[in-house]
Structures are given as structure tokens and as C-alpha cells.
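Below is the file coords.tsv, which contains TSV, C-alpha atoms.
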```
chain	number	residue	atom	x	y	z
A	1035	MET	CA	-33.32	5.93	27.03
A	1036	PHE	CA	-33.60	7.08	23.42
A	1037	GLU	CA	-34.70	10.57	24.49
A	1038	GLY	CA	-31.77	10.82	26.89
A	1039	LEU	CA	-29.33	9.78	24.19
A	1040	ALA	CA	-30.83	12.34	21.79
A	1041	GLN	CA	-30.35	15.07	24.39
A	1042	ALA	CA	-26.78	13.92	25.05
A	1043	GLU	CA	-26.04	13.94	21.32
A	1044	ALA	CA	-27.37	17.50	21.04
A	1045	ALA	CA	-25.24	18.59	24.00
A	1046	VAL	CA	-22.11	17.03	22.48
A	1047	ALA	CA	-22.89	18.58	19.09
A	1048	ALA	CA	-22.99	21.99	20.78
A	1049	CYS	CA	-19.44	21.41	22.03
A	1050	VAL	CA	-18.00	20.41	18.65
A	1051	ASP	CA	-17.63	23.97	17.37
A	1052	ALA	CA	-16.88	25.56	20.74
A	1053	PRO	CA	-13.53	27.43	20.60
A	1054	ALA	CA	-11.01	25.28	22.48
A	1055	TRP	CA	-8.42	28.05	22.17
A	1056	ALA	CA	-10.44	30.17	24.60
A	1057	LEU	CA	-10.01	27.66	27.45
A	1058	THR	CA	-7.46	28.22	30.18
A	1059	GLU	CA	-4.94	25.41	30.60
A	1060	PRO	CA	-6.69	23.96	33.72
A	1061	ASP	CA	-10.04	24.11	31.93
A	1062	LEU	CA	-8.52	22.45	28.86
A	1063	VAL	CA	-7.20	19.56	30.95
A	1064	ALA	CA	-10.54	19.25	32.76
A	1065	ALA	CA	-12.41	19.26	29.45
A	1066	ILE	CA	-10.25	16.45	28.07
A	1067	GLU	CA	-10.87	14.37	31.19
A	1068	ALA	CA	-14.61	15.07	31.02
A	1069	ALA	CA	-14.73	14.07	27.34
A	1070	HIS	CA	-12.92	10.83	28.21
A	1071	ARG	CA	-15.34	10.02	31.05
A	1072	LEU	CA	-18.28	10.75	28.76
A	1073	GLU	CA	-16.82	8.45	26.10
A	1074	GLN	CA	-16.58	5.57	28.60
A	1075	ARG	CA	-20.09	6.16	29.93
A	1076	LEU	CA	-21.49	6.16	26.42
A	1077	ALA	CA	-19.56	2.95	25.79
A	1078	ALA	CA	-21.33	1.35	28.77
A	1079	VAL	CA	-24.69	2.39	27.30
A	1080	GLN	CA	-23.70	1.05	23.88
A	1081	LEU	CA	-22.63	-2.29	25.36
A	1082	THR	CA	-26.00	-2.59	27.13
A	1083	LEU	CA	-27.79	-1.95	23.85
A	1084	VAL	CA	-25.59	-4.41	21.95
A	1085	HIS	CA	-26.25	-7.13	24.53
A	1086	GLU	CA	-30.00	-6.53	24.29
A	1087	LEU	CA	-29.83	-6.59	20.48
A	1088	ASP	CA	-27.87	-9.84	20.56
A	1089	GLY	CA	-30.25	-11.44	23.07
A	1090	ARG	CA	-33.33	-10.59	20.98
A	1091	GLY	CA	-31.85	-12.09	17.82
A	1092	THR	CA	-32.49	-8.84	15.92
A	1093	ALA	CA	-29.51	-9.36	13.63
A	1094	GLN	CA	-30.66	-12.78	12.46
A	1095	ALA	CA	-34.24	-11.55	12.08
A	1096	GLN	CA	-32.93	-8.86	9.71
A	1097	GLY	CA	-31.02	-11.39	7.63
A	1098	ALA	CA	-27.52	-11.09	9.11
A	1099	SER	CA	-25.56	-14.22	10.00
A	1100	SER	CA	-24.56	-12.82	13.40
A	1101	THR	CA	-24.78	-9.73	15.55
A	1102	ALA	CA	-21.12	-8.94	14.74
A	1103	VAL	CA	-21.84	-8.97	11.00
A	1104	TRP	CA	-24.93	-6.81	11.53
A	1105	LEU	CA	-22.86	-4.29	13.51
A	1106	ARG	CA	-20.21	-4.28	10.79
A	1107	ASP	CA	-22.76	-3.30	8.15
A	1108	ARG	CA	-24.81	-0.97	10.34
A	1109	LEU	CA	-21.97	0.87	12.12
A	1110	ARG	CA	-19.27	0.32	9.47
A	1111	LEU	CA	-16.97	-1.53	11.87
A	1112	THR	CA	-14.50	-4.26	11.09
A	1113	VAL	CA	-15.73	-7.75	11.96
A	1114	PRO	CA	-13.04	-8.24	14.68
A	1115	ALA	CA	-14.02	-4.93	16.30
A	1116	ALA	CA	-17.72	-5.83	16.14
A	1117	ARG	CA	-17.06	-9.29	17.57
A	1118	ARG	CA	-15.08	-7.80	20.47
A	1119	LEU	CA	-18.01	-5.46	21.14
A	1120	VAL	CA	-20.48	-8.36	21.31
A	1121	ASP	CA	-18.15	-10.46	23.50
A	1122	LEU	CA	-17.53	-7.61	25.95
A	1123	ALA	CA	-21.23	-6.77	26.13
A	1124	GLY	CA	-22.02	-10.35	27.09
A	1125	ALA	CA	-19.18	-10.56	29.59
A	1126	LEU	CA	-20.10	-7.35	31.41
A	1127	ASP	CA	-23.78	-8.26	31.59
A	1128	SER	CA	-23.39	-11.80	32.86
A	1129	GLY	CA	-20.18	-12.11	34.79
A	1130	ALA	CA	-18.81	-8.77	35.91
A	1131	PRO	CA	-21.50	-6.25	36.95
A	1132	GLY	CA	-18.94	-4.34	39.01
A	1133	VAL	CA	-16.87	-3.77	35.88
A	1134	ARG	CA	-19.89	-2.42	34.02
A	1135	ALA	CA	-20.62	-0.05	36.91
A	1136	ALA	CA	-17.03	1.24	36.86
A	1137	LEU	CA	-17.27	1.81	33.11
A	1138	ALA	CA	-20.64	3.55	33.47
A	1139	ASN	CA	-19.13	5.86	36.10
A	1140	GLY	CA	-16.25	6.71	33.78
A	1141	ASP	CA	-13.71	5.26	36.21
A	1142	ILE	CA	-12.20	2.85	33.67
A	1143	SER	CA	-11.86	2.73	29.88
A	1144	VAL	CA	-13.36	0.20	27.49
A	1145	GLU	CA	-9.99	-1.48	26.99
A	1146	GLN	CA	-9.46	-1.67	30.74
A	1147	ALA	CA	-12.95	-3.13	31.10
A	1148	ARG	CA	-12.09	-5.82	28.55
A	1149	VAL	CA	-8.90	-6.68	30.46
A	1150	ILE	CA	-10.71	-6.79	33.80
A	1151	GLY	CA	-13.52	-8.90	32.37
A	1152	ASP	CA	-11.09	-11.44	30.93
A	1153	THR	CA	-9.14	-11.60	34.19
A	1154	VAL	CA	-12.21	-11.91	36.39
A	1155	ARG	CA	-13.56	-14.79	34.31
A	1156	THR	CA	-10.26	-16.60	34.77
A	1157	VAL	CA	-10.33	-15.95	38.54
A	1158	GLN	CA	-13.91	-17.19	38.81
A	1159	ALA	CA	-13.09	-20.37	36.93
A	1160	ALA	CA	-10.07	-21.01	39.15
A	1161	ALA	CA	-11.22	-19.88	42.58
A	1162	GLY	CA	-14.96	-19.21	42.55
A	1163	ALA	CA	-17.32	-16.26	42.80
A	1164	GLU	CA	-16.09	-14.65	46.03
A	1165	PRO	CA	-12.43	-14.19	44.90
A	1166	ALA	CA	-13.77	-12.99	41.53
A	1167	ASP	CA	-15.76	-10.24	43.26
A	1168	LYS	CA	-12.66	-9.24	45.24
A	1169	ALA	CA	-10.65	-9.21	42.02
A	1170	VAL	CA	-13.05	-6.72	40.43
A	1171	GLY	CA	-12.43	-4.23	43.24
A	1172	VAL	CA	-8.66	-4.65	43.12
A	1173	LEU	CA	-8.48	-4.40	39.33
A	1174	VAL	CA	-10.74	-1.36	39.16
A	1175	GLU	CA	-8.49	0.32	41.71
A	1176	TRP	CA	-5.40	-0.61	39.69
A	1177	ALA	CA	-7.09	0.71	36.54
A	1178	GLY	CA	-6.87	4.18	38.06
A	1179	GLN	CA	-3.09	3.90	37.86
A	1180	PHE	CA	-2.21	1.58	34.98
A	1181	GLU	CA	-3.02	1.47	31.26
A	1182	PRO	CA	-4.55	-1.72	29.74
A	1183	THR	CA	-1.35	-3.51	28.71
A	1184	LEU	CA	0.26	-3.20	32.14
A	1185	LEU	CA	-3.07	-3.91	33.81
A	1186	ARG	CA	-3.29	-7.22	31.95
A	1187	LYS	CA	0.23	-8.13	33.06
A	1188	LEU	CA	-0.61	-7.31	36.65
A	1189	GLY	CA	-3.83	-9.28	36.32
A	1190	THR	CA	-1.90	-12.49	35.78
A	1191	ARG	CA	-0.89	-12.29	39.46
A	1192	ILE	CA	-4.23	-11.07	40.85
A	1193	LEU	CA	-4.81	-14.28	42.80
A	1194	ASP	CA	-1.76	-13.51	44.91
A	1195	HIS	CA	-3.99	-10.78	46.38
A	1196	VAL	CA	-7.45	-12.38	46.45
A	1197	ALA	CA	-6.81	-16.14	46.66
A	1198	PRO	CA	-3.15	-16.95	47.25
A	1199	GLU	CA	-3.92	-20.64	47.93
A	1200	VAL	CA	-4.72	-21.23	44.25
A	1201	ALA	CA	-2.54	-18.51	42.74
A	1202	GLU	CA	0.04	-20.72	41.02
A	1203	ALA	CA	-2.49	-22.96	39.30
A	1204	ALA	CA	-4.62	-19.99	38.30
A	1205	ALA	CA	-1.63	-18.11	36.90
A	1206	ARG	CA	-0.94	-21.06	34.66
A	1207	ALA	CA	-4.59	-21.16	33.62
A	1208	ALA	CA	-4.52	-17.42	32.89
A	1209	LEU	CA	-1.44	-17.83	30.75
A	1210	GLU	CA	-3.10	-20.64	28.81
A	1211	ALA	CA	-6.25	-18.55	28.38
A	1212	GLU	CA	-4.20	-15.63	27.09
A	1213	ALA	CA	-2.48	-17.97	24.63
A	1214	ARG	CA	-5.86	-19.18	23.40
A	1215	ARG	CA	-7.11	-15.60	22.97
A	1216	SER	CA	-3.92	-14.69	21.15
A	1217	ALA	CA	-4.25	-17.68	18.82
A	1218	ARG	CA	-7.92	-16.92	18.19
A	1219	ASP	CA	-7.34	-13.23	17.41
A	1220	ARG	CA	-4.18	-13.64	15.32
A	1221	HIS	CA	-4.52	-12.16	11.84
A	1222	VAL	CA	-2.79	-10.02	9.25
A	1223	THR	CA	-4.82	-7.88	6.84
A	1224	LEU	CA	-3.48	-6.39	3.61
A	1225	SER	CA	-5.76	-3.62	2.33
A	1226	GLU	CA	-4.98	-2.18	-1.08
A	1227	LEU	CA	-5.22	1.62	-1.17
A	1228	SER	CA	-6.33	3.57	-4.22
A	1229	ASP	CA	-2.78	4.69	-5.06
A	1230	GLY	CA	-1.32	1.18	-5.12
A	1231	ARG	CA	0.05	1.09	-1.60
A	1232	LEU	CA	-0.92	-1.55	0.97
A	1233	ARG	CA	-2.17	-0.87	4.47
A	1234	LEU	CA	-0.80	-3.55	6.78
A	1235	THR	CA	-2.71	-4.23	10.00
A	1236	GLY	CA	-2.98	-7.21	12.26
A	1237	SER	CA	-2.41	-8.89	15.58
A	1238	LEU	CA	0.45	-11.36	16.12
A	1239	ASP	CA	0.56	-14.04	18.78
A	1240	ALA	CA	3.47	-14.06	21.21
A	1241	GLU	CA	5.63	-16.43	19.17
A	1242	ALA	CA	5.13	-14.59	15.87
A	1243	ALA	CA	5.69	-11.25	17.62
A	1244	GLY	CA	8.96	-12.53	19.04
A	1245	LEU	CA	10.09	-13.82	15.66
A	1246	LEU	CA	9.26	-10.54	13.95
A	1247	ARG	CA	11.04	-8.44	16.55
A	1248	ALA	CA	14.10	-10.69	16.49
A	1249	ALA	CA	14.27	-10.35	12.70
A	1250	ILE	CA	13.31	-6.72	12.26
A	1251	ASP	CA	14.88	-4.93	15.25
A	1252	PRO	CA	18.50	-5.23	14.03
A	1253	LEU	CA	17.44	-3.60	10.75
A	1254	THR	CA	15.63	-0.62	12.25
A	1255	ALA	CA	18.66	1.24	13.59
A	1256	PRO	CA	19.71	4.35	11.62
A	1257	SER	CA	22.17	3.35	8.93
A	1258	GLY	CA	24.39	6.41	9.34
A	1259	LEU	CA	24.51	10.09	10.21
A	1260	ASP	CA	22.69	10.94	6.97
A	1261	ASP	CA	19.76	8.62	7.73
A	1262	THR	CA	16.81	10.98	8.24
A	1263	ARG	CA	14.10	8.28	8.17
A	1264	SER	CA	11.55	8.22	10.98
A	1265	PRO	CA	11.31	5.09	13.17
A	1266	GLY	CA	8.16	4.07	11.28
A	1267	GLN	CA	9.91	4.47	7.94
A	1268	ARG	CA	12.86	2.41	9.19
A	1269	ARG	CA	10.51	-0.38	10.28
A	1270	HIS	CA	8.84	-0.25	6.84
A	1271	ASP	CA	12.20	-0.56	5.08
A	1272	ALA	CA	13.30	-3.33	7.44
A	1273	LEU	CA	10.20	-5.34	6.56
A	1274	ALA	CA	10.98	-4.87	2.86
A	1275	ASP	CA	14.56	-6.06	3.53
A	1276	LEU	CA	13.20	-9.20	5.21
A	1277	CYS	CA	11.09	-9.93	2.14
A	1278	ARG	CA	14.08	-9.43	-0.17
A	1279	LEU	CA	16.20	-11.79	1.92
A	1280	THR	CA	13.46	-14.42	1.96
A	1281	LEU	CA	13.04	-14.24	-1.83
A	1282	ARG	CA	16.80	-14.48	-2.25
A	1283	THR	CA	16.98	-17.77	-0.35
A	1284	GLY	CA	14.96	-19.58	-3.02
A	1285	GLU	CA	13.35	-21.72	-0.32
A	1286	LEU	CA	9.79	-20.42	-0.61
A	1287	PRO	CA	7.21	-22.86	-2.02
A	1288	GLU	CA	6.21	-22.51	-5.65
A	1289	HIS	CA	3.31	-20.21	-6.44
A	1290	GLY	CA	1.28	-20.98	-9.53
A	1291	GLY	CA	3.97	-23.36	-10.76
A	1292	GLU	CA	6.69	-20.70	-10.53
A	1293	HIS	CA	9.34	-19.92	-7.93
A	1294	ALA	CA	8.39	-16.98	-5.72
A	1295	GLN	CA	9.70	-13.88	-7.46
A	1296	LEU	CA	8.91	-10.27	-8.24
A	1297	VAL	CA	8.13	-9.58	-11.91
A	1298	VAL	CA	8.49	-6.00	-13.16
A	1299	THR	CA	7.07	-5.14	-16.58
A	1300	THR	CA	8.24	-1.95	-18.26
A	1301	SER	CA	8.73	-0.42	-21.70
A	1302	PHE	CA	12.24	0.21	-23.03
A	1303	ASP	CA	13.34	2.97	-25.39
A	1304	ALA	CA	16.08	1.48	-27.57
A	1305	LEU	CA	17.28	4.95	-28.70
A	1306	THR	CA	17.64	6.54	-25.27
A	1307	ARG	CA	18.14	3.21	-23.47
A	1308	HIS	CA	15.83	4.40	-20.70
A	1309	LEU	CA	13.33	2.35	-18.75
A	1310	ASP	CA	9.85	3.81	-18.47
A	1311	VAL	CA	7.14	3.52	-15.84
A	1312	GLY	CA	6.76	-0.11	-14.76
A	1313	ALA	CA	4.14	-2.37	-13.27
A	1314	LEU	CA	4.16	-5.41	-11.01
A	1315	ASP	CA	2.23	-8.53	-11.97
A	1316	THR	CA	-0.34	-7.45	-9.35
A	1317	GLY	CA	-1.09	-4.37	-11.47
A	1318	LEU	CA	0.60	-1.84	-9.17
A	1319	ARG	CA	2.52	0.86	-11.05
A	1320	LEU	CA	6.11	1.86	-10.31
A	1321	THR	CA	8.14	4.97	-11.10
A	1322	PRO	CA	11.06	4.71	-13.56
A	1323	GLU	CA	13.47	5.30	-10.65
A	1324	THR	CA	12.02	2.32	-8.78
A	1325	VAL	CA	12.14	0.16	-11.92
A	1326	ARG	CA	15.83	0.95	-12.47
A	1327	ARG	CA	16.64	0.14	-8.86
A	1328	LEU	CA	14.71	-3.14	-8.88
A	1329	ALA	CA	16.36	-4.18	-12.13
A	1330	CYS	CA	19.70	-4.28	-10.30
A	1331	ASP	CA	18.62	-6.96	-7.86
A	1332	ALA	CA	19.35	-10.60	-8.55
A	1333	ALA	CA	16.07	-11.50	-6.82
A	1334	ILE	CA	14.08	-9.62	-9.49
A	1335	LEU	CA	12.90	-11.16	-12.75
A	1336	PRO	CA	12.57	-8.23	-15.22
A	1337	ALA	CA	10.20	-8.45	-18.15
A	1338	VAL	CA	11.03	-5.71	-20.70
A	1339	LEU	CA	8.61	-4.83	-23.50
A	1340	GLY	CA	9.36	-2.95	-26.73
A	1341	SER	CA	7.36	-0.03	-28.08
A	1342	ALA	CA	4.89	-2.39	-29.80
A	1343	GLY	CA	4.42	-4.44	-26.62
A	1344	GLN	CA	6.52	-7.38	-27.79
A	1345	THR	CA	8.61	-9.15	-25.17
A	1346	LEU	CA	12.25	-8.13	-25.51
A	1347	ASP	CA	13.60	-9.88	-22.43
A	1348	VAL	CA	12.35	-11.88	-19.46
A	1349	GLY	CA	14.96	-12.40	-16.79
A	1350	ARG	CA	18.23	-12.60	-18.75
A	1351	GLN	CA	20.56	-14.29	-16.34
A	1352	ARG	CA	23.61	-12.53	-17.73
A	1353	ARG	CA	22.25	-9.25	-16.40
A	1354	LEU	CA	21.86	-10.58	-12.86
A	1355	VAL	CA	24.69	-10.65	-10.37
A	1356	SER	CA	24.55	-14.22	-9.07
A	1357	GLY	CA	26.64	-17.30	-8.37
A	1358	PRO	CA	30.44	-16.86	-8.41
A	1359	LEU	CA	30.13	-13.19	-9.38
A	1360	ARG	CA	28.06	-12.36	-6.31
A	1361	ARG	CA	30.43	-14.34	-4.10
A	1362	ALA	CA	33.33	-12.30	-5.49
A	1363	LEU	CA	31.38	-9.10	-4.84
A	1364	VAL	CA	30.73	-10.17	-1.24
A	1365	LEU	CA	34.42	-10.95	-0.71
A	1366	ARG	CA	35.36	-7.50	-2.03
A	1367	ASP	CA	32.74	-5.29	-0.33
A	1368	ARG	CA	31.92	-7.47	2.72
A	1369	GLY	CA	28.58	-5.67	3.15
A	1370	CYS	CA	26.91	-2.44	2.09
A	1371	ALA	CA	29.67	-0.31	0.60
A	1372	PHE	CA	28.01	3.06	1.30
A	1373	PRO	CA	30.14	5.10	3.73
A	1374	GLY	CA	29.31	4.36	7.35
A	1375	CYS	CA	26.80	1.54	6.73
A	1376	ASP	CA	27.14	-1.70	8.71
A	1377	ARG	CA	24.58	-3.87	6.86
A	1378	PRO	CA	25.96	-7.37	6.11
A	1379	PRO	CA	26.01	-8.93	2.60
A	1380	ARG	CA	22.82	-10.96	3.04
A	1381	TRP	CA	20.84	-7.71	3.36
A	1382	CYS	CA	22.35	-6.19	0.24
A	1383	ASP	CA	21.43	-5.90	-3.45
A	1384	ALA	CA	23.99	-5.94	-6.24
A	1385	HIS	CA	23.82	-2.48	-7.81
A	1386	HIS	CA	25.12	-1.81	-11.34
A	1387	ILE	CA	27.42	1.23	-11.18
A	1388	ARG	CA	26.59	1.91	-14.80
A	1389	HIS	CA	23.07	0.64	-15.22
A	1390	TRP	CA	22.52	-2.27	-17.61
A	1391	ALA	CA	19.93	-0.18	-19.48
A	1392	ASP	CA	22.65	2.41	-20.13
A	1393	GLY	CA	24.97	-0.19	-21.59
A	1394	GLY	CA	26.64	-1.26	-18.36
A	1395	ASP	CA	27.83	-4.85	-18.19
A	1396	THR	CA	27.39	-7.35	-15.39
A	1397	SER	CA	30.87	-7.66	-13.94
A	1398	LEU	CA	32.75	-7.15	-10.71
A	1399	ALA	CA	34.12	-3.85	-12.06
A	1400	ASN	CA	30.58	-2.55	-12.60
A	1401	ALA	CA	28.89	-3.72	-9.39
A	1402	VAL	CA	28.71	-2.70	-5.76
A	1403	LEU	CA	26.81	-4.09	-2.76
A	1404	LEU	CA	24.19	-1.73	-1.32
A	1405	CYS	CA	21.59	-2.26	1.39
A	1406	GLY	CA	17.98	-1.46	0.55
A	1407	HIS	CA	18.10	2.03	2.06
A	1408	HIS	CA	21.32	3.08	0.34
A	1409	HIS	CA	20.30	1.42	-2.91
A	1410	ARG	CA	17.31	3.76	-3.00
A	1411	HIS	CA	19.56	6.62	-1.91
A	1412	VAL	CA	22.05	6.08	-4.74
A	1413	HIS	CA	19.34	5.69	-7.36
A	1414	ARG	CA	18.15	9.22	-6.61
A	1415	GLY	CA	21.24	10.32	-8.48
A	1416	GLU	CA	22.87	12.69	-6.01
A	1417	TRP	CA	25.75	10.39	-5.09
A	1418	ALA	CA	28.13	9.07	-7.74
A	1419	VAL	CA	29.78	5.64	-7.41
A	1420	ARG	CA	33.09	4.63	-8.97
A	1421	LEU	CA	35.87	2.14	-8.31
A	1422	GLY	CA	39.11	3.51	-6.91
A	1423	PRO	CA	42.58	2.58	-8.17
A	1424	ASP	CA	42.64	-0.38	-5.76
A	1425	GLY	CA	39.36	-1.76	-7.15
A	1426	HIS	CA	37.22	-0.80	-4.13
A	1427	PRO	CA	34.15	1.44	-4.46
A	1428	ASP	CA	34.31	5.16	-3.72
A	1429	PHE	CA	31.25	7.37	-3.26
A	1430	VAL	CA	31.31	11.00	-4.40
A	1431	PRO	CA	28.92	13.15	-2.32
A	1432	PRO	CA	26.69	15.82	-3.88
A	1433	ALA	CA	28.05	19.38	-3.99
A	1434	TRP	CA	25.52	20.65	-1.44
A	1435	LEU	CA	26.92	18.17	1.09
A	1436	ASP	CA	30.59	18.63	0.22
A	1437	PRO	CA	31.51	21.45	-2.20
A	1438	ALA	CA	34.90	19.78	-2.77
A	1439	GLN	CA	33.16	16.46	-3.49
A	1440	VAL	CA	35.92	14.42	-1.89
A	1441	PRO	CA	35.27	10.69	-2.47
A	1442	ARG	CA	34.26	8.71	0.60
A	1443	ARG	CA	34.65	5.02	1.37
A	1444	ASN	CA	33.11	2.57	3.84
A	1445	LEU	CA	35.81	1.45	6.26
A	1446	TYR	CA	33.46	-0.29	8.69
A	1447	HIS	CA	33.70	-3.74	7.11
A	1448	ARG	CA	37.49	-3.45	6.79
A	1449	ARG	CA	37.84	-2.67	10.50
A	1450	THR	CA	35.61	-5.56	11.52
```
What's the C-alpha cells form of this structure?
Amino acid sequence: MFEGLAQAEAAVAACVDAPAWALTEPDLVAAIEAAHRLEQRLAAVQLTLVHELDGRGTAQAQGASSTAVWLRDRLRLTVPAARRLVDLAGALDSGAPGVRAALANGDISVEQARVIGDTVRTVQAAAGAEPADKAVGVLVEWAGQFEPTLLRKLGTRILDHVAPEVAEAAARAALEAEARRSARDRHVTLSELSDGRLRLTGSLDAEAAGLLRAAIDPLTAPSGLDDTRSPGQRRHDALADLCRLTLRTGELPEHGGEHAQLVVTTSFDALTRHLDVGALDTGLRLTPETVRRLACDAAILPAVLGSAGQTLDVGRQRRLVSGPLRRALVLRDRGCAFPGCDRPPRWCDAHHIRHWADGGDTSLANAVLLCGHHHRHVHRGEWAVRLGPDGHPDFVPPAWLDPAQVPRRNLYHRRT
């Protein structure tokens, strides 16, 4: 086997630098399909090897606590990915030889094999070996038409085809098994990148997924004609808005003896009255623009240091728009005041029209409600904000957008 794999690796290596641009369109499509079949066949070989490794106890003999941990270190996989590999290898070897054969022939993908294996085990537990064998054939045939997610949904009704007399009870058992798998695999991972950002990955169970979608979907729609954010960027900003709203409620449990809050530390030039680069209490650094924007929000506890590092101010309440003042601001603006935005007050920050660091006071005449997206937009400095003669905020567009710079106003909340 090793010699065959070495030859296969050499053959694949010869294809890596082959000029794909020279292929005709039919040959290009055929090559992609061939590469996919080869990937699945190699996966079948890998699963066989993993099962043999696990059965021999090689990982424990070499000092690892489990085969999954050994695979993580040896192949640089995540533990969940390694564990799924071990589980699938065992399932295909012991309970679903037909699935392994389909994978080895390149007829199904690894993810489809995992779905079929899970479904067949459920069928066997509910109806016995003969319906399970029938289910393999049906599911492999369906795999030629449907991707893994839809295949799993169809699999919940497989007994209607192979054993209708026990279909209802088995469907309930399959649903319960899926719930157990979902609960077992649920996780959220926060990985800190070198530049201070976080990579967010995970798997949510059905209930958490429903809660997240119910909370985040209303916030992911474009906020106006000038909203050029991609769908992924809108989901990112919607998640940040959810966090702001949660912090604003004040109902989170204490953390380290303090209420949950975001602390921003920055230096302050008393002569220019400018905030400098800031840092969170986690050590992540922030740009001056971000610091100025965060300092507007009543959910933020600023900590301002002088040139010698002495503490000048930690969360002065008079700078924060809260209590009766925020209620008055909500009554006046009724939501995000940026032209065309429909975000309600609970999603909005209180922005100082003239920043507090520039001498602006905390008053109704110097504040405006802005959603997270438009708060960032205004802090870039292209749009100017001022109160009109009637006391309502006007927004002056940049010259490149409107050479006449005619003030604009949000009429959405007035109409509704």
C-alpha cells in the first residue's frame, strides 16, 4: 500500500504545476471531477489507515491520550476534525461497508459518507440489518443528486422507503440522535490573531442557531443606499450590535467583581485635546478614531491617562449620555438619525456632535442617536452633524457626494 501511495503522490505532484490555462473547457470540467473523485478515494484509504492505527493502539503507545490527539499533533488538525475522522473510520469499517465502497469508488464525498453512516446506524438500530443494507443503496443513489445537508434531511425519512412499518418511530429516534450529536458537537472557538483580531468559529445546536438568526437577521439588512458593506461585514457588525445591546442592559453577571463593561485606556493631550491610540483591558490596541467613537457610548467606561501615565479620568458619568438625558434623546430622534436608517433606539449609541475631548458638553443639544454602522461612518469625518433651527439633527454630506452639500435629515422615524 505504501508504494502505491508514493506513486500516487508523485503523480499528483506532477499535476500541481501543469498549466490549467491550456485545458479546453470540457477538459477543465473533467479534470475538476477527476480531482474530486481522487480526493474521495484517498479519503477512503486514509480512513482505513486511521481505523487500523486506532485498533492497534499506536497513539497510546507513542504517549498520546487518544488517536484524535495523536492525529492533531501529527497532521496538524483540530481535535474536533481528528475526532470526526476516527469516528467515521470506525463507522465505515464496522457498520457500513457499502458506504466505504462508494467512497472508495469516488461516488460520494466524505461528508456524504458521514451523513449516510449516521443515518444507516439509526436505521439499523430501529429496523435491523436488512433495512439498513437497503438504506445504504438508496442513500448512495441520492448522494449522486443531493449535497450533504439536504441528504441528511432526506435521510430522516429513509424508512418510508425501506421499512415503512417502523418509519414514524425511527424518524423520532433519528431526530433525537441528531439532537444528541448537535449537543455533543456544539462549541464556539475564539482564536486571537497576531494583529489583535479574533477568528470566530463554531457549531451551534438547533436552538442556539435559531436564537442567533432571530436576533441577528433583522440587523443584517443594508442600512441605506450608501451601505456598501458585504453580507459578511453586515453580519459582523450585527453581532457587534448584539453585544452592545447586551452590555447596555446591565443584566450580565459580574465578572471579576465588576459589572460587564468595555474599558478603553488611552493617553490624552491636554494642549490639543486629542485622544491617542488606545487599548482594551485585554491588551488589544485601537486606533484613535475607534477610541473617539467608543468614548461616545454610554456602555463604555473610558480610562484616560495623562502624559506621565497618571489616571486623569475613569468613567466620568457626566460625560455619558444616560438616564433622563438618553430618554430625552430617544424621544427626539426615535432611532438612528442618519438619513434613511431605520434602526430603533435600542440599537443606537449616543454620539457627541462636538466630541467631549474637543470641549463638547454632554447635553441634548450636543448629542444624536446613531446605530453602530453610522456611528463609525460619521466618525470618519466626511459627514458633518448639526442641529437644525427646530432642534432636530441635520447631516451635511461630503462635497464628493453632493457638491452643494445640502443638509439631509432622517424622516423614516417621523413617518412611522
Which residue of A:Ala1052, A:Leu1232, A:Leu1039, A:Leu1188 approaches A:Thr1153 most closely, using all atoms listed in the file: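 Looking at the shortest contact to A:Thr1153, the residue is A:Leu1188.
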One-decimal distance in Å that lies between atom CA of A:Trp1381 and atom CA of A:Asp1271: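 Computing the Euclidean distance for atom CA of A:Asp1271 and atom CA of A:Trp1381 yields 11.3 Å.
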Report as a JSON list (two decimals) with C-alpha atoms, in the coordinates of the input all protein, DNA and RNA residues lying within 10 Å of A:His1411, evaluated on all atoms listed in the file, omitting residues in the same chain fewer than 6 positions from it.
```json
[["chain", "number", "residue", "atom", "x", "y", "z"],
["A", 1261, "ASP", "CA", 19.76, 8.62, 7.73],
["A", 1327, "ARG", "CA", 16.64, 0.14, -8.86],
["A", 1372, "PHE", "CA", 28.01, 3.06, 1.30],
["A", 1404, "LEU", "CA", 24.19, -1.73, -1.32],
["A", 1405, "CYS", "CA", 21.59, -2.26, 1.39],
["A", 1417, "TRP", "CA", 25.75, 10.39, -5.09]]
```
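For the pair atom CA of A:Glu1164 and atom CA of A:Val1120, the separation is 25.9 Å.
Across the structure, atom CA of A:Leu1398 and atom CA of A:Asn1444 are spaced 17.5 Å apart.
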Closest of A:Asp1219, A:Trp1434, A:Gln1096, A:Ala1068 to A:Ala1115 - atom-to-atom distances counting all atoms listed in the file: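 Looking at the shortest contact to A:Ala1115, the residue is A:Asp1219.
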All residues 12 Å or closer to A:Gly1132, only C-alpha atoms, same chain fewer than 6 positions away omitted, as a PyMOL selection string: chain A and resi 1078+1125-1126+1138-1139+1141-1142+1147+1150-1151+1154+1166-1175
Nearest to A:Lys1187 by atom-to-atom distance, counting only C-alpha atoms, from A:Leu1445, A:Leu1234, A:Ala1048, A:Val1149: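 So, comparing all the options, the nearest one is A:Val1149.
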Option closest in space to A:Ile1192, from A:Ala1160, A:Thr1254, A:Pro1358, A:Arg1410 [counting all atoms listed in the file]: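 Nearest candidate to A:Ile1192 out of A:Ala1160, A:Thr1254, A:Pro1358, A:Arg1410: A:Ala1160.
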A:Ala1217 surroundings by only C-alpha atoms, 12 Å radius, close-in-sequence under 5 positions cut, as a list in words: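 Residues meeting the cut-off are Glu1210, Ala1211, Glu1212, Ser1237, Leu1238, Asp1239, Ala1240, Glu1241, Ala1242 and Ala1243 of chain A.
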Nearby residues (only C-alpha atoms) at most 12 Å from A:Asp1275, same-chain spacing under 4 positions excluded, as JSON, numbers by chain: {"A": [1249, 1250, 1251, 1252, 1253, 1254, 1268, 1269, 1270, 1271, 1279, 1280, 1281, 1282, 1333, 1377, 1378, 1379, 1380, 1381, 1382, 1383, 1404, 1405, 1406, 1407, 1408, 1409]}
Exercise: A:Gly1140 partners within 6 Å, all atoms listed in the file, chain neighbours under 3 positions left out, as a tab-separated table (two decimals) with C-alpha atoms, in the coordinates of the input:
```tsv
chain	number	residue	atom	x	y	z
A	1071	ARG	CA	-15.34	10.02	31.05
A	1074	GLN	CA	-16.58	5.57	28.60
A	1075	ARG	CA	-20.09	6.16	29.93
A	1137	LEU	CA	-17.27	1.81	33.11
```
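In this comparison, which uses all atoms listed in the file, the residue of A:Arg1110, A:Val1157, A:Phe1036, A:Gln1080 approaching A:Leu1122 most closely is A:Gln1080.
Selecting by distance to (25.5, 13.8, 5.1) with a limit of 10 Å and using all atoms listed in the file, one obtains Gly1258, Leu1259, Asp1260, Asp1261, Thr1262, Pro1373, Pro1431, Pro1432, Trp1434, Leu1435 and Asp1436 of chain A.
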Nearest-residue call for A:Glu1067, choices A:His1389, A:Ala1255, A:Ser1143, A:Arg1106, using all atoms listed in the file: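 Of the candidates, the smallest distance to A:Glu1067 is held by A:Ser1143.
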Ref. answer, residues at most 8 Å from (11.7, 10.6, -9.0) with all atoms listed in the file, as a VMD selection string: chain A and resid 1321 to 1323 1414
